[in-house]
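Chemist: Input structure: protein26.csv, which contains CSV, C-alpha atoms and all ligand atoms.
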chain,number,residue,atom,x,y,z
A,8,MET,CA,21.5,9.1,5.6
A,9,ASP,CA,24.7,7.4,4.6
A,10,GLN,CA,25.5,6.1,8.0
A,11,MET,CA,22.3,4.1,8.0
A,12,GLU,CA,23.0,2.3,4.8
A,13,HIS,CA,23.3,-1.4,5.2
A,14,THR,CA,26.8,-2.7,4.3
A,15,GLU,CA,26.7,-6.1,2.9
A,16,THR,CA,27.5,-8.1,6.1
A,17,THR,CA,25.2,-10.9,5.4
A,18,ALA,CA,23.0,-13.0,7.7
A,19,THR,CA,25.1,-16.0,6.5
A,20,GLU,CA,28.3,-14.3,7.5
A,21,ALA,CA,26.9,-13.3,10.9
A,22,ALA,CA,25.7,-16.9,11.4
A,23,ALA,CA,29.2,-18.3,10.5
A,24,ALA,CA,30.8,-15.9,12.9
A,25,SER,CA,28.6,-16.8,15.9
A,26,SER,CA,28.0,-20.4,14.7
A,27,ALA,CA,24.4,-19.9,15.7
A,28,PRO,CA,21.5,-20.2,13.3
A,29,VAL,CA,20.1,-16.8,12.6
A,30,ARG,CA,16.8,-15.8,10.9
A,31,LYS,CA,17.4,-14.6,7.4
A,32,LYS,CA,16.9,-10.9,7.0
A,33,ARG,CA,13.7,-10.0,5.3
A,34,ILE,CA,13.6,-8.0,2.1
A,35,PHE,CA,10.5,-6.2,0.7
A,36,SER,CA,10.4,-4.6,-2.7
A,37,ALA,CA,7.8,-3.7,-5.3
A,38,ILE,CA,7.6,-2.4,-8.9
A,39,GLN,CA,4.7,-0.5,-10.4
A,40,PRO,CA,3.1,-2.1,-13.4
A,41,SER,CA,2.9,1.3,-15.0
A,42,GLY,CA,4.5,0.4,-18.4
A,43,GLN,CA,7.1,-1.7,-20.0
A,44,MET,CA,10.3,-2.6,-18.1
A,45,THR,CA,13.6,-1.2,-19.5
A,46,LEU,CA,17.1,-2.5,-19.4
A,47,GLY,CA,17.6,0.0,-16.6
A,48,ASN,CA,14.9,-1.6,-14.5
A,49,TYR,CA,16.5,-5.0,-15.2
A,50,LEU,CA,20.1,-4.2,-14.4
A,51,GLY,CA,19.3,-1.8,-11.7
A,52,ALA,CA,16.5,-3.7,-9.8
A,53,ILE,CA,15.1,-6.9,-11.2
A,54,ARG,CA,18.4,-8.8,-11.5
A,55,ASN,CA,19.0,-8.0,-7.8
A,56,TRP,CA,15.6,-9.3,-6.8
A,57,VAL,CA,16.6,-12.6,-8.3
A,58,ALA,CA,20.1,-12.6,-6.8
A,59,MET,CA,18.9,-11.8,-3.3
A,60,GLN,CA,16.5,-14.8,-3.1
A,61,ASP,CA,19.1,-17.2,-1.8
A,62,GLU,CA,20.4,-15.1,0.9
A,63,PHE,CA,17.3,-13.3,2.1
A,64,ASP,CA,13.7,-14.0,2.9
A,65,CYS,CA,12.2,-12.0,0.1
A,66,VAL,CA,8.7,-10.6,-0.3
A,67,TYR,CA,8.0,-9.1,-3.7
A,68,ALA,CA,4.9,-7.4,-5.2
A,69,THR,CA,3.6,-5.6,-8.2
A,70,ALA,CA,2.6,-2.2,-6.8
A,71,ASN,CA,-0.7,-1.9,-8.7
A,72,LEU,CA,-2.3,0.2,-6.0
A,73,HIS,CA,0.5,2.7,-6.4
A,74,ALA,CA,0.0,2.7,-10.1
A,75,ILE,CA,-3.5,4.2,-10.0
A,76,THR,CA,-2.1,7.4,-8.4
A,77,VAL,CA,-1.7,8.2,-12.1
A,78,ARG,CA,-4.9,7.6,-14.3
A,79,GLN,CA,-4.7,4.2,-15.9
A,80,ASP,CA,-6.8,2.4,-18.5
A,81,PRO,CA,-8.4,-0.5,-16.5
A,82,LYS,CA,-7.8,-3.1,-19.2
A,83,GLN,CA,-4.3,-2.0,-19.8
A,84,LEU,CA,-3.5,-1.9,-16.0
A,85,LYS,CA,-4.7,-5.5,-15.6
A,86,GLU,CA,-2.6,-6.6,-18.6
A,87,ASN,CA,0.5,-4.7,-17.5
A,88,THR,CA,0.1,-6.2,-14.0
A,89,THR,CA,0.0,-9.8,-15.3
A,90,ASN,CA,2.8,-9.1,-17.8
A,91,LEU,CA,5.0,-7.7,-15.2
A,92,PHE,CA,4.4,-10.7,-13.0
A,93,ALA,CA,5.3,-13.1,-15.8
A,94,LEU,CA,8.3,-11.0,-16.8
A,95,LEU,CA,9.7,-11.1,-13.3
A,96,ILE,CA,9.2,-14.9,-13.1
A,97,ALA,CA,10.8,-15.3,-16.5
A,98,ALA,CA,13.8,-13.2,-15.2
A,99,GLY,CA,14.2,-15.6,-12.3
A,100,VAL,CA,11.9,-14.5,-9.4
A,101,ASP,CA,11.0,-17.9,-8.0
A,102,PRO,CA,7.6,-18.3,-6.3
A,103,GLU,CA,9.0,-21.4,-4.6
A,104,LYS,CA,11.7,-19.3,-2.9
A,105,SER,CA,10.1,-15.9,-2.5
A,106,ILE,CA,6.6,-14.6,-1.7
A,107,PHE,CA,5.4,-12.9,-4.9
A,108,PHE,CA,1.9,-11.4,-5.4
A,109,HIS,CA,-0.1,-8.4,-6.5
A,110,GLN,CA,-0.4,-5.6,-3.9
A,111,SER,CA,-4.2,-5.3,-4.5
A,112,MET,CA,-4.7,-9.0,-3.6
A,113,VAL,CA,-3.8,-8.4,0.1
A,114,PRO,CA,-6.3,-5.9,1.7
A,115,ALA,CA,-3.9,-5.3,4.7
A,116,HIS,CA,-1.8,-3.0,2.5
A,117,ALA,CA,-4.8,-0.5,2.1
A,118,GLU,CA,-5.8,-1.0,5.8
A,119,LEU,CA,-2.4,-0.3,7.2
A,120,SER,CA,-1.9,2.5,4.8
A,121,TRP,CA,-4.9,4.3,6.2
A,122,VAL,CA,-3.7,3.9,9.8
A,123,LEU,CA,-0.2,5.1,8.8
A,124,SER,CA,-1.5,8.1,7.0
A,125,THR,CA,-2.6,9.4,10.4
A,126,PHE,CA,1.0,9.1,11.5
A,127,THR,CA,2.3,11.0,8.5
A,128,GLN,CA,2.4,14.8,8.5
A,129,PHE,CA,1.2,17.1,5.8
A,130,GLY,CA,4.5,18.9,5.9
A,131,GLU,CA,6.5,15.7,5.4
A,132,LEU,CA,4.4,14.6,2.4
A,133,SER,CA,4.7,18.1,0.9
A,134,ARG,CA,8.5,17.8,0.8
A,135,MET,CA,8.5,14.6,-1.3
A,136,THR,CA,10.3,15.3,-4.6
A,137,GLN,CA,8.4,12.6,-6.4
A,138,PHE,CA,5.1,14.3,-5.5
A,139,LYS,CA,6.4,17.6,-6.7
A,140,ASP,CA,7.6,16.1,-10.0
A,141,LYS,CA,4.5,14.0,-10.6
A,142,SER,CA,2.1,16.8,-9.8
A,143,GLN,CA,3.8,18.9,-12.3
A,144,ARG,CA,3.7,16.2,-14.9
A,145,HIS,CA,0.0,15.4,-14.2
A,146,ALA,CA,-1.2,18.9,-13.3
A,147,ASP,CA,-4.8,17.9,-14.3
A,148,ASN,CA,-5.0,15.1,-11.6
A,149,ILE,CA,-3.2,16.0,-8.4
A,150,ASN,CA,-5.2,13.5,-6.4
A,151,ALA,CA,-4.9,12.8,-2.6
A,152,GLY,CA,-3.5,9.3,-3.4
A,153,LEU,CA,-0.5,10.8,-5.2
A,154,PHE,CA,0.1,12.9,-2.1
A,155,THR,CA,-0.2,10.0,0.4
A,156,TYR,CA,1.7,7.6,-1.8
A,157,PRO,CA,4.5,7.3,0.8
A,158,SER,CA,2.0,6.1,3.5
A,159,LEU,CA,1.0,3.2,1.3
A,160,MET,CA,4.7,2.5,0.5
A,161,ALA,CA,5.4,2.5,4.3
A,162,ALA,CA,2.5,0.1,4.8
A,163,ASP,CA,4.0,-2.3,2.1
A,164,ILE,CA,7.3,-2.4,3.9
A,165,LEU,CA,6.2,-2.3,7.6
A,166,LEU,CA,3.4,-5.0,7.1
A,167,TYR,CA,6.1,-7.6,6.5
A,168,GLN,CA,8.5,-6.3,9.2
A,169,ALA,CA,11.1,-6.0,6.4
A,170,ASP,CA,14.7,-5.4,7.6
A,171,LEU,CA,16.0,-4.2,4.3
A,172,VAL,CA,14.5,-2.5,1.2
A,173,PRO,CA,16.5,-2.4,-2.0
A,174,VAL,CA,15.8,1.1,-3.5
A,175,GLY,CA,17.1,3.3,-6.2
A,176,ALA,CA,18.1,6.9,-5.4
A,177,ASP,CA,14.6,8.1,-6.4
A,178,GLN,CA,12.9,6.1,-3.6
A,179,LYS,CA,15.4,6.9,-0.8
A,180,GLN,CA,13.3,9.8,0.4
A,181,HIS,CA,10.2,7.6,0.7
A,182,LEU,CA,12.2,5.0,2.6
A,183,GLU,CA,13.4,7.6,5.0
A,184,LEU,CA,9.8,8.7,5.6
A,185,THR,CA,8.9,5.1,6.2
A,186,ARG,CA,11.5,4.9,9.0
A,187,THR,CA,10.2,8.1,10.5
A,188,ILE,CA,6.6,6.7,10.5
A,189,ALA,CA,7.8,3.4,12.0
A,190,GLU,CA,9.7,5.2,14.7
A,191,ARG,CA,6.9,7.5,15.5
A,192,PHE,CA,4.4,4.7,15.8
A,193,ASN,CA,6.8,2.6,17.9
A,194,GLY,CA,7.3,5.7,20.1
A,195,VAL,CA,3.6,6.1,20.8
A,196,TYR,CA,2.6,2.4,21.1
A,197,GLY,CA,5.8,0.5,21.9
A,198,LYS,CA,7.8,-1.6,19.5
A,199,THR,CA,5.5,-2.7,16.7
A,200,PHE,CA,7.5,-2.3,13.5
A,201,VAL,CA,11.0,-3.2,12.5
A,202,VAL,CA,12.6,0.0,11.3
A,203,PRO,CA,13.8,-0.9,7.8
A,204,GLU,CA,17.1,0.1,6.2
A,205,PRO,CA,17.9,0.8,2.6
A,206,TYR,CA,19.8,-1.9,0.9
A,207,ILE,CA,22.3,-0.7,-1.6
A,208,THR,CA,23.8,-3.6,-3.6
A,209,LYS,CA,27.3,-3.6,-5.1
A,210,THR,CA,26.1,-5.1,-8.3
A,211,ALA,CA,23.2,-2.7,-9.2
A,212,ALA,CA,24.0,-0.8,-12.3
A,213,ARG,CA,22.7,2.7,-13.1
A,214,VAL,CA,21.8,2.7,-16.7
A,215,MET,CA,21.6,6.0,-18.6
A,216,SER,CA,19.6,7.1,-21.6
A,217,LEU,CA,21.2,6.0,-24.9
A,218,LEU,CA,20.5,9.4,-26.4
A,219,ASP,CA,21.2,11.7,-23.5
A,220,PRO,CA,23.6,9.8,-21.1
A,221,SER,CA,23.3,12.6,-18.5
A,222,LYS,CA,19.8,11.3,-17.8
A,223,LYS,CA,18.8,7.9,-16.5
A,224,MET,CA,17.2,5.5,-18.9
A,225,SER,CA,13.5,5.8,-18.3
A,226,LYS,CA,10.5,4.1,-19.8
A,227,SER,CA,8.5,7.3,-19.7
A,228,ASP,CA,11.0,9.0,-22.1
A,229,PRO,CA,9.0,10.1,-25.2
A,230,ASN,CA,11.9,9.0,-27.5
A,231,THR,CA,11.8,5.2,-27.7
A,232,LYS,CA,15.4,5.1,-29.0
A,233,SER,CA,16.6,6.3,-25.6
A,234,PHE,CA,15.7,3.1,-23.9
A,235,ILE,CA,16.0,-0.7,-24.4
A,236,LEU,CA,12.8,-2.6,-23.4
A,237,MET,CA,13.2,-6.0,-21.8
A,238,VAL,CA,10.9,-7.3,-24.5
A,239,ASP,CA,12.5,-5.5,-27.5
A,240,GLU,CA,13.3,-7.8,-30.4
A,241,PRO,CA,17.1,-8.6,-30.8
A,242,ALA,CA,17.2,-6.6,-34.1
A,243,THR,CA,15.6,-3.6,-32.4
A,244,ILE,CA,18.1,-3.8,-29.5
A,245,MET,CA,21.1,-3.9,-32.0
A,246,LYS,CA,19.6,-0.9,-33.9
A,247,LYS,CA,19.1,1.1,-30.7
A,248,PHE,CA,22.7,0.5,-29.6
A,249,ARG,CA,24.0,1.5,-33.1
A,250,SER,CA,22.3,4.9,-32.7
A,251,ALA,CA,23.5,5.4,-29.1
A,252,VAL,CA,25.3,8.7,-28.5
A,253,THR,CA,29.1,8.5,-28.0
A,254,ASP,CA,31.9,11.0,-28.5
A,255,SER,CA,34.5,11.8,-31.2
A,256,GLU,CA,37.6,10.3,-29.5
A,257,ALA,CA,37.1,6.8,-31.0
A,258,CYS,CA,38.7,5.1,-28.0
A,259,VAL,CA,36.9,2.7,-25.6
A,260,ARG,CA,38.0,3.9,-22.2
A,261,TYR,CA,36.2,4.9,-19.0
A,262,ALA,CA,36.8,8.6,-18.3
A,263,GLU,CA,35.2,11.8,-17.3
A,264,GLY,CA,33.4,13.6,-20.1
A,265,LYS,CA,32.8,10.3,-21.9
A,266,ASP,CA,29.3,9.7,-20.6
A,267,GLY,CA,28.0,7.8,-23.6
A,268,ILE,CA,30.9,5.4,-23.7
A,269,ASN,CA,30.9,5.1,-19.9
A,270,ASN,CA,27.3,4.1,-20.0
A,271,LEU,CA,27.9,1.5,-22.7
A,272,MET,CA,30.9,0.1,-20.7
A,273,GLU,CA,28.7,0.0,-17.6
A,274,ILE,CA,26.1,-2.0,-19.5
A,275,TYR,CA,28.7,-4.3,-21.1
A,276,ALA,CA,30.3,-4.9,-17.7
A,277,ALA,CA,26.9,-5.7,-16.1
A,278,CYS,CA,26.1,-8.2,-18.8
A,279,THR,CA,29.5,-9.9,-19.1
A,280,GLY,CA,31.0,-9.6,-15.7
A,281,LEU,CA,34.1,-8.0,-17.2
A,282,THR,CA,35.9,-5.2,-15.5
A,283,PHE,CA,36.4,-1.8,-17.2
A,284,ALA,CA,40.2,-2.6,-17.6
A,285,GLN,CA,39.3,-5.9,-19.4
A,286,ILE,CA,36.9,-4.1,-21.6
A,287,GLU,CA,39.5,-1.4,-22.5
A,288,ASP,CA,41.9,-4.3,-23.4
A,289,GLU,CA,39.3,-6.1,-25.5
A,290,PHE,CA,38.6,-3.0,-27.6
A,291,ARG,CA,42.0,-1.5,-27.9
A,292,GLY,CA,42.5,-0.3,-31.5
A,293,LYS,CA,38.9,-1.1,-32.4
A,294,GLY,CA,36.2,1.4,-33.3
A,295,TYR,CA,33.0,2.3,-31.6
A,296,GLY,CA,31.0,0.3,-34.2
A,297,ASP,CA,32.6,-2.9,-33.0
A,298,PHE,CA,32.1,-2.0,-29.4
A,299,LYS,CA,28.4,-1.1,-29.9
A,300,THR,CA,27.8,-4.4,-31.7
A,301,ALA,CA,29.4,-6.3,-28.8
A,302,VAL,CA,27.3,-4.4,-26.2
A,303,GLY,CA,24.1,-5.1,-28.2
A,304,GLU,CA,25.0,-8.8,-28.5
A,305,ALA,CA,25.7,-9.0,-24.7
A,306,VAL,CA,22.4,-7.5,-23.9
A,307,VAL,CA,20.6,-9.8,-26.3
A,308,ALA,CA,22.3,-12.8,-24.7
A,309,GLN,CA,20.9,-11.7,-21.3
A,310,LEU,CA,17.4,-10.8,-22.5
A,311,GLU,CA,16.6,-13.5,-25.1
A,312,PRO,CA,16.2,-16.4,-22.7
A,313,ILE,CA,14.0,-14.2,-20.5
A,314,GLN,CA,11.9,-13.3,-23.5
A,315,GLN,CA,11.4,-16.9,-24.4
A,316,ARG,CA,10.3,-17.9,-20.9
A,317,TYR,CA,8.1,-14.8,-20.8
A,318,LYS,CA,6.3,-15.8,-24.0
A,319,GLU,CA,5.8,-19.4,-22.7
A,320,LEU,CA,4.4,-18.1,-19.3
A,321,LEU,CA,2.0,-15.8,-21.0
A,322,LYS,CA,0.4,-18.7,-22.8
A,323,ASP,CA,-1.0,-19.9,-19.4
A,324,LYS,CA,-2.7,-17.0,-17.7
A,325,LYS,CA,-4.5,-19.4,-15.3
A,326,TYR,CA,-1.2,-20.7,-14.0
A,327,LEU,CA,0.1,-17.2,-13.5
A,328,ASP,CA,-3.1,-16.3,-11.6
A,329,GLU,CA,-2.7,-19.4,-9.5
A,330,LEU,CA,0.9,-18.4,-8.6
A,331,ALA,CA,-0.2,-14.9,-7.6
A,332,ARG,CA,-3.1,-16.3,-5.5
A,333,LYS,CA,-0.7,-18.6,-3.6
A,334,GLY,CA,1.7,-15.8,-3.1
A,335,ALA,CA,-1.1,-13.5,-1.8
A,336,GLU,CA,-2.2,-16.2,0.6
A,337,SER,CA,1.3,-16.4,2.1
A,338,ALA,CA,1.5,-12.6,2.2
A,339,ALA,CA,-1.9,-12.3,3.9
A,340,ARG,CA,-0.8,-14.8,6.5
A,341,LEU,CA,2.4,-12.9,7.3
A,342,SER,CA,0.8,-9.5,7.2
A,343,ALA,CA,-2.2,-10.6,9.4
A,344,ARG,CA,0.1,-10.6,12.5
A,345,THR,CA,1.1,-7.0,11.9
A,346,ILE,CA,-2.3,-5.7,11.2
A,347,GLU,CA,-3.9,-7.4,14.2
A,348,LYS,CA,-1.2,-6.0,16.4
A,349,VAL,CA,-1.7,-2.5,15.0
A,350,TYR,CA,-5.5,-2.4,15.2
A,351,LYS,CA,-5.3,-3.7,18.8
A,352,LYS,CA,-2.7,-1.1,19.8
A,353,VAL,CA,-4.7,1.8,18.2
A,354,GLY,CA,-8.0,0.6,19.7
A,355,LEU,CA,-9.8,-0.3,16.6
A,356,VAL,CA,-12.6,-2.9,16.8
A,357,ARG,CA,-11.7,-5.8,14.5
B,1,LIG,P1,9.6,6.2,-14.9
B,1,LIG,O1,10.3,6.2,-16.2
B,1,LIG,O2,8.1,6.1,-15.0
B,1,LIG,O3,10.1,7.2,-13.9
B,1,LIG,P2,11.4,4.1,-14.2
B,1,LIG,O4,11.7,3.5,-15.5
B,1,LIG,O5,12.3,5.1,-13.6
B,1,LIG,O6,10.0,4.8,-14.3
B,1,LIG,P3,10.5,2.8,-11.8
B,1,LIG,O7,9.2,2.0,-11.9
B,1,LIG,O8,10.4,4.1,-11.0
B,1,LIG,O9,11.2,2.9,-13.2
B,1,LIG,O10,11.6,2.0,-11.1
B,1,LIG,C1,11.6,0.6,-10.8
B,1,LIG,C2,12.9,0.2,-10.3
B,1,LIG,O11,13.9,0.2,-11.3
B,1,LIG,C3,13.5,1.1,-9.2
B,1,LIG,O12,14.1,0.3,-8.2
B,1,LIG,C4,14.5,1.9,-9.9
B,1,LIG,O13,15.5,2.4,-9.0
B,1,LIG,C5,15.0,1.0,-10.9
B,1,LIG,N1,15.5,1.7,-12.1
B,1,LIG,C6,14.7,2.4,-13.0
B,1,LIG,N2,15.4,3.0,-14.0
B,1,LIG,C7,16.7,2.6,-13.8
B,1,LIG,C8,17.9,2.9,-14.4
B,1,LIG,N3,18.0,3.7,-15.5
B,1,LIG,N4,19.1,2.4,-13.9
B,1,LIG,C9,19.0,1.6,-12.8
B,1,LIG,N5,17.9,1.3,-12.1
B,1,LIG,C10,16.8,1.8,-12.6
B,2,LIG,N1,7.5,3.4,-5.2
B,2,LIG,C1,8.3,2.4,-5.8
B,2,LIG,C2,7.6,1.1,-5.9
B,2,LIG,C3,7.2,0.6,-4.5
B,2,LIG,C4,8.1,0.1,-3.6
B,2,LIG,C5,7.3,-0.3,-2.4
B,2,LIG,C6,9.5,-0.1,-3.5
B,2,LIG,C7,5.9,0.5,-4.0
B,2,LIG,N2,6.0,0.0,-2.7
B,2,LIG,C8,7.9,-0.7,-1.3
B,2,LIG,C9,10.1,-0.6,-2.4
B,2,LIG,C10,9.3,-0.9,-1.3
B,2,LIG,C11,8.7,2.8,-7.2
B,2,LIG,O1,8.0,3.6,-7.8
B,2,LIG,N3,9.8,2.4,-7.7
Show this structure as C-alpha cells.

Modeler:
Amino acid sequence: MDQMEHTETTATEAAAASSAPVRKKRIFSAIQPSGQMTLGNYLGAIRNWVAMQDEFDCVYATANLHAITVRQDPKQLKENTTNLFALLIAAGVDPEKSIFFHQSMVPAHAELSWVLSTFTQFGELSRMTQFKDKSQRHADNINAGLFTYPSLMAADILLYQADLVPVGADQKQHLELTRTIAERFNGVYGKTFVVPEPYITKTAARVMSLLDPSKKMSKSDPNTKSFILMVDEPATIMKKFRSAVTDSEACVRYAEGKDGINNLMEIYAACTGLTFAQIEDEFRGKGYGDFKTAVGEAVVAQLEPIQQRYKELLKDKKYLDELARKGAESAARLSARTIEKVYKKVGLVR
C-alpha cells in the first residue's frame, strides 16, 4: 500500500520541470452529512480541501447517499446536508474554483454504483472493516446499502476520473477496493477509468479525543466533552480545553507517554503554524493551565471567522441551493462522459 501513496510532486512542479503546460491533477472527496463537524474533521480534512483548490482541479460533494446507509430522520438529513454545504463554503471551499454539490443531485453516482457493484465481489465487501464496525453498531439495520457502500464510493471517484483522493486512515481500505474495481473493469473493457491514488498531505493533523487521547476525536462519541464542534461557542471551546486530559508532569513537551499534551501540541501547531520546539520554548516554566488557555484561544481564532460566515450564509438558503445546483450541473456534465462510455462498453441501451 505504501508504495502507491502519492508523494507531493505537484502538477506545477512537473510543469516547471518540463516547461510544458500540464493538466492539473483532479481530486475527488466527499464528507457524509451525518452530524456536526468536529475540530478533527476540520484540521484533518476540511482545511486540506480548501488548501488543495489552487493546485488541483477539485470536485467535492456532500455524501448524502452514503449517509442513508444508517437510518436518518428525513428533515434532519436535509438540514444537515445544507448546513454542511454552508459550513464548508464558510471554511473556504470556493464554488468558483471547485465543483461542489450534493451527491444526490447527480444521478450518475447511483447509476455507476449499480454497474460497479457487479464488478465488486461479495468476499471483498465482507472484508471491509467499516462494514464490520457499522454492522455491529447498527445490528438492527444491516442493510444491503451498508454492505455495498464501497461500490458507491468507487462510483463517486471513478465518475470524475480522479487522479487523487485525500483520505484518512479509515477510508484507505475503500480506496484500495476502488482501485481494484477500476483495474478489473479496465481489464475487461479496455482503459475506461483512471486508477486513483490516495493523497496523504503533509499538513493533515490527526486530532485525538480530549478525554481519551488514545482514540481519535469523533463526532459520534457519546461524551460531548471529548470533541470540539466547529460550531461550538468560544466559551464552550475554552471550557472543553480546560477539562482536557493531560498528565502529572506539568511540562509542555512532546514525548512518548504524554498523549494528552501531544494532542494539544498537535492542535496548537496546526492552528498557529508553530513547530513543537517553538511551542516548548513558549511554555517553558509555565503550567498546563496557561497552555490550555492558549490552545483554546488559537482554536477560537481559527473557528470564529468561519462561524460568522456560516451564520451569514445560512440566512440565504436560496443562494446555497443555487450554488449546489450550479455545482451539480458542472458535475453532471463531467460525469456524463464517463457514464456514457461505461454504458456503451457494457452493452446497456441508453
Ligand atoms: P464518526 O465519528 O461518525 O466515525 P468522523 O468524525 O470520524 O465520523 P468522518 O465523517 O468519518 O468523521 O470523516 C470525515 C473526514 O474527516 C475524513 O476524511 C476523516 O479522515 C477526517 N477526520 C475525522 N475525524 C478526524 C480526526 N479526529 N482527526 C483527523 N481527521 C479526522
Ligand atoms: N466514505 C467517506 C465519505 C466519502 C468519500 C467518497 C471520501 C464518500 N464518497 C469518495 C472520498 C472519496 C467517509 O465516510 N469519510

Chemist: Give me, please, the distance in Å between CA of Lys247 in chain A and CA of Ile96 in chain A, quoted to one decimal.

Modeler: 25.8 Å

Chemist: Output as CSV one row per residue of chain A within 10 Å of ligand LIG 2 (chain B): the closest atom pair and its distance in Å to one decimal place, counting all atoms listed in the file, sorted by chain and residue number ascending.

Modeler:
residue,atom,partner,partner_atom,distance
A:Ile34,CA,B:LIG2,C10,9.0
A:Phe35,CA,B:LIG2,C10,5.8
A:Ser36,CA,B:LIG2,C9,4.0
A:Ala37,CA,B:LIG2,C4,4.2
A:Ile38,CA,B:LIG2,C2,4.6
A:Gln39,CA,B:LIG2,C2,5.6
A:Pro40,CA,B:LIG2,C2,9.3
A:Ser41,CA,B:LIG2,O1,9.1
A:Asn48,CA,B:LIG2,N3,9.4
A:Ala52,CA,B:LIG2,N3,9.3
A:Val66,CA,B:LIG2,C10,9.8
A:Tyr67,CA,B:LIG2,C10,8.6
A:Ala68,CA,B:LIG2,N2,7.9
A:Thr69,CA,B:LIG2,C7,7.8
A:Ala70,CA,B:LIG2,C7,5.1
A:Asn71,CA,B:LIG2,C7,8.5
A:Leu72,CA,B:LIG2,C7,8.4
A:His73,CA,B:LIG2,C7,6.3
A:Ala74,CA,B:LIG2,O1,8.4
A:Gln110,CA,B:LIG2,N2,8.6
A:His116,CA,B:LIG2,N2,9.8
A:Gln137,CA,B:LIG2,O1,9.1
A:Tyr156,CA,B:LIG2,N1,7.9
A:Pro157,CA,B:LIG2,N1,7.8
A:Ser158,CA,B:LIG2,N2,9.6
A:Leu159,CA,B:LIG2,N2,7.2
A:Met160,CA,B:LIG2,N2,4.3
A:Ala161,CA,B:LIG2,C8,6.9
A:Ala162,CA,B:LIG2,C8,8.2
A:Asp163,CA,B:LIG2,C8,5.4
A:Ile164,CA,B:LIG2,C8,5.5
A:Leu165,CA,B:LIG2,C8,9.2
A:Ala169,CA,B:LIG2,C10,9.4
A:Leu171,CA,B:LIG2,C10,9.3
A:Val172,CA,B:LIG2,C10,6.0
A:Pro173,CA,B:LIG2,C9,6.7
A:Val174,CA,B:LIG2,C9,6.0
A:Gly175,CA,B:LIG2,N3,7.5
A:Ala176,CA,B:LIG2,N3,9.7
A:Asp177,CA,B:LIG2,N3,7.6
A:Gln178,CA,B:LIG2,N1,6.2
A:Lys179,CA,B:LIG2,C9,9.3
A:His181,CA,B:LIG2,N1,7.7
A:Leu182,CA,B:LIG2,C10,7.6
A:Thr185,CA,B:LIG2,C8,9.5
A:Pro205,CA,B:LIG2,C9,9.4

Chemist: Taking into account only C-alpha atoms, which residue in the set A:Asp239, A:Glu329, A:Glu273, A:Asp297 is nearest to Ala212 in chain A?

Modeler: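 Selected residue with least distance to Ala212 in chain A: A:Glu273.
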
Chemist: Using only C-alpha atoms, what table do you get, as JSON lines, when you list each residue of range 41-104 of chain A with an atom no more than 7 Å from range 311-326 of chain A, its nearest pair of atoms, and their distance in Å rounded to one decimal, rows by chain then rising number?

Modeler:
{"residue": "A:Ala93", "atom": "CA", "partner": "A:Tyr317", "partner_atom": "CA", "distance": 6.0}
{"residue": "A:Leu94", "atom": "CA", "partner": "A:Tyr317", "partner_atom": "CA", "distance": 5.5}
{"residue": "A:Ala97", "atom": "CA", "partner": "A:Tyr317", "partner_atom": "CA", "distance": 5.1}
{"residue": "A:Ala98", "atom": "CA", "partner": "A:Ile313", "partner_atom": "CA", "distance": 5.4}

Chemist: For the point (25.4, -13.2, -17.5) in the file's frame, write as a ChimeraX atom specification all residues with an atom no more than 9 Å away, counting all atoms listed in the file.

Modeler: /A:277-280,305,308-309

Chemist: Tell me which of A:Pro102, A:Gly152, A:Pro203, A:Pro220 sits closest to ligand LIG 1 (chain B), counting all atoms listed in the file.

Modeler: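 Result for the nearest residue to ligand LIG 1 (chain B): A:Pro220.
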
Chemist: Box for ligand LIG 1 (chain B): with edges along x, y and z, all listed atoms inside and 4 Å added on each side, what are the centre and edge lengths in Å to one decimal, as lines of an AutoDock Vina configuration file?

Modeler:
center_x = 13.6
center_y = 3.7
center_z = -12.2
size_x = 19.0
size_y = 15.0
size_z = 16.0

Chemist: Calculated over all atoms listed in the file, which of the candidates A:Arg344, A:Gln180, A:Gly267, A:Ala115 has the smallest distance to Lys223 in chain A?

Modeler: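 Among A:Arg344, A:Gln180, A:Gly267, A:Ala115, it is A:Gly267 that comes nearest to Lys223 in chain A.
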